[in-house]
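Chemist: I have a structure I would like to understand better, so I am pasting it below and will then ask my questions one at a time.
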Amino acid sequence: MTESKSKSQSGTAFVVGGSGGIGRAICKLLAAEWDNVFFTYRSNQTAASALSEELAPLCNSAYAPLDIRDQQSIRTALQQAEEKLGPIGTVVFACGASIAQPFVSDISDEQWDDVFQTELIGYTKLARAAIPILRRNGGGNFVNVISFAMYSYPPGDALSAVPKAGIEMLGKAIAREEGRYNIRSNSVAPGIINAGLGEQFMQTMYTPEIWETQRKRVPLRRFGTGEEVAEAVVFLASNRARYINGQTIIVDGGMHI
C-alpha cells in the first residue's frame with residue numbers, strides 16, 4: 001500500500017467491474033481523489049493484478065473476485081473492502097454482460113436471462129447489500145454506468161439497453177428513498193466509447209465505413225474515451241456533486257440530441 005496522502009475524498013471507493021475497459025479508467029481517476037479504491041473482477045485475475053500495480057503509487061487499493069449473481073459473494077466483497085481499507089463512501093456499478101447486438105425478434109430466452117441476471121438482478125443484489133452499509137457509515141452514494149440507448153436507441157441494442165433502463169430506474173428509486181440517510185444515487189450513460197464493449201464492437205462488428213458514418217453522427221465528430229466516462233463517474237461520486245441526486249449524465253458527445 002502507498003503512504004497516506006491528503007485526498008479530496010476520504011473513505012473507500014468500491015467499484016464493481018473495475019478491471020474492465022471503462023472500469024479500469026474509473027479506478028485510476030478515483031485513485032487520484034479517494035484514499036482507498038477497492039475493485040472487483042469477474043474472471044480476469046491477470047488484468048486485476050495489473051490494475052492493482054498501477055494504483056499502488058496513487059492510493060491504497062485491494063481487489064477481489066465477484067460473482068454479481070450471488071448475494072453472498074457480494075456481501076463478502078463489501079466486507080473485505082471495509083476490513084482492508086475502511087468505510088465505503090461510494091459504490092460504482094461498472095460491470096456488464098458480454099453481449100451481441102441481435103434484433104429483439106432474434107433474442108433468445110437464454111440471452112435475456114443471462115443479461116438480466118448479470119446486470120439488473122445483479123444490481124438489485126448489490127443495492128440490497130450496500131444500502132445498510134452506507135446508512136451505517138452516515139451516507140455515501142451510488143454511481144451506475146448505464147447506456148445512452150435510452151435517449152437515442154440504436155437498432156440491435158435492446159439486449160444491453162433494456163436491463164440498463166431498469167438499473168437507471170432503480171437508481172432513481174434509491175435516490176428518492178435513501179436521500180433521508182444522506183445517500184445519493186446517479187447514473188452515467190456513455191455513448192459510443194472506444195473502450196470496453198465499444199472497443200470490442202469496433203474491432204469485430206460491422207465495417208469501417210459504418211463506424212465512420214456513426215462517428216459523423218456525433219456533433220463532436222469523434223467517439224468518446226474511457227477516461228471521459230470516468231470523469232463523469234468520479235465527479236458524481238465526489239462531494240462536488242453533493243446536491244445532485246437521481247440524475248443521469250449522458251456522455252456521448254451530443255449524439256442523442
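Residue numbers start at 1 in each chain; chains themselves are named A, B, ... in the order of the C-alpha cells; ligands are numbered from 1 in the order shown.
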For stretch 211-228 of chain A, please output as a ChimeraX atom specification all residues within 6 Å (counting only C-alpha atoms; exclusion window: fewer than 5 positions along the same chain).

Modeler: /A:22,25,192-195,253-255

Chemist: Extract, using only C-alpha atoms, all DNA, RNA and protein residues at most 8 Å from A:Ser10, discarding same-chain residues fewer than 6 positions from it, and format them as a ChimeraX atom specification.

Modeler: /A:34-36,89

Chemist: I need the residues from that last selection saved to file as a PDB file, in the first residue's frame (with C-alpha atoms), if you can.

Modeler:
ATOM      1  CA  TRP A  34     -10.009   8.847  -2.880  1.00  0.00           C
ATOM      2  CA  ASP A  35      -7.831   7.496  -0.096  1.00  0.00           C
ATOM      3  CA  ASN A  36      -8.764   3.921  -0.954  1.00  0.00           C
ATOM      4  CA  GLY A  89     -18.229   6.036   0.673  1.00  0.00           C
TER       5      GLY A  89
END

Chemist: Looking at A:Lys28, A:Arg75, A:Arg136, A:Arg176, which one is nearest to A:Glu54, with distances taken over only C-alpha atoms?

Modeler: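 Looking at the shortest contact to A:Glu54, the residue is A:Lys28.
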
Chemist: Quick check for you: according to DSSP on this backbone, which residues of stretch 72-251 of chain A are classed as strand (DSSP E or B)? Reply as a PyMOL selection string.

Modeler: chain A and resi 88-93+140-145+183-190+193+224+248-251

Chemist: For A:Ala161, which residue out of A:Leu134, A:Ala97, A:Val92, A:Ile74 is the nearest one, using only C-alpha atoms?

Modeler: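 Nearest to A:Ala161: A:Ala97.
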
Chemist: Give one line per residue of stretch 89-114 of chain A that approaches stretch 57-71 of chain A to at most 10 Å, naming the two atoms of the closest pair and their distance in Å to one decimal, counting only C-alpha atoms; sort by chain then ascending residue number and deliver it as JSON lines.

Modeler:
{"residue": "A:Cys95", "atom": "CA", "partner": "A:Ile68", "partner_atom": "CA", "distance": 8.8}
{"residue": "A:Gly96", "atom": "CA", "partner": "A:Ile68", "partner_atom": "CA", "distance": 9.6}
{"residue": "A:Asp114", "atom": "CA", "partner": "A:Arg69", "partner_atom": "CA", "distance": 9.9}

Chemist: Convert the current residue selection to file output with N, CA and C atoms, as a PDB file, in the first residue's frame.

Modeler:
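Below is the file part.pdb, written as the result:
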ATOM      1  N   CYS A  95     -20.063  -2.969 -14.208  1.00  0.00           N
ATOM      2  CA  CYS A  95     -19.923  -4.271 -14.847  1.00  0.00           C
ATOM      3  C   CYS A  95     -21.080  -4.513 -15.801  1.00  0.00           C
ATOM      4  N   GLY A  96     -20.917  -5.468 -16.675  1.00  0.00           N
ATOM      5  CA  GLY A  96     -21.986  -5.797 -17.621  1.00  0.00           C
ATOM      6  C   GLY A  96     -21.729  -7.145 -18.271  1.00  0.00           C
ATOM      7  N   ASP A 114     -29.545 -14.279 -19.188  1.00  0.00           N
ATOM      8  CA  ASP A 114     -28.150 -14.020 -18.830  1.00  0.00           C
ATOM      9  C   ASP A 114     -27.915 -12.545 -18.538  1.00  0.00           C
TER      10      ASP A 114
END
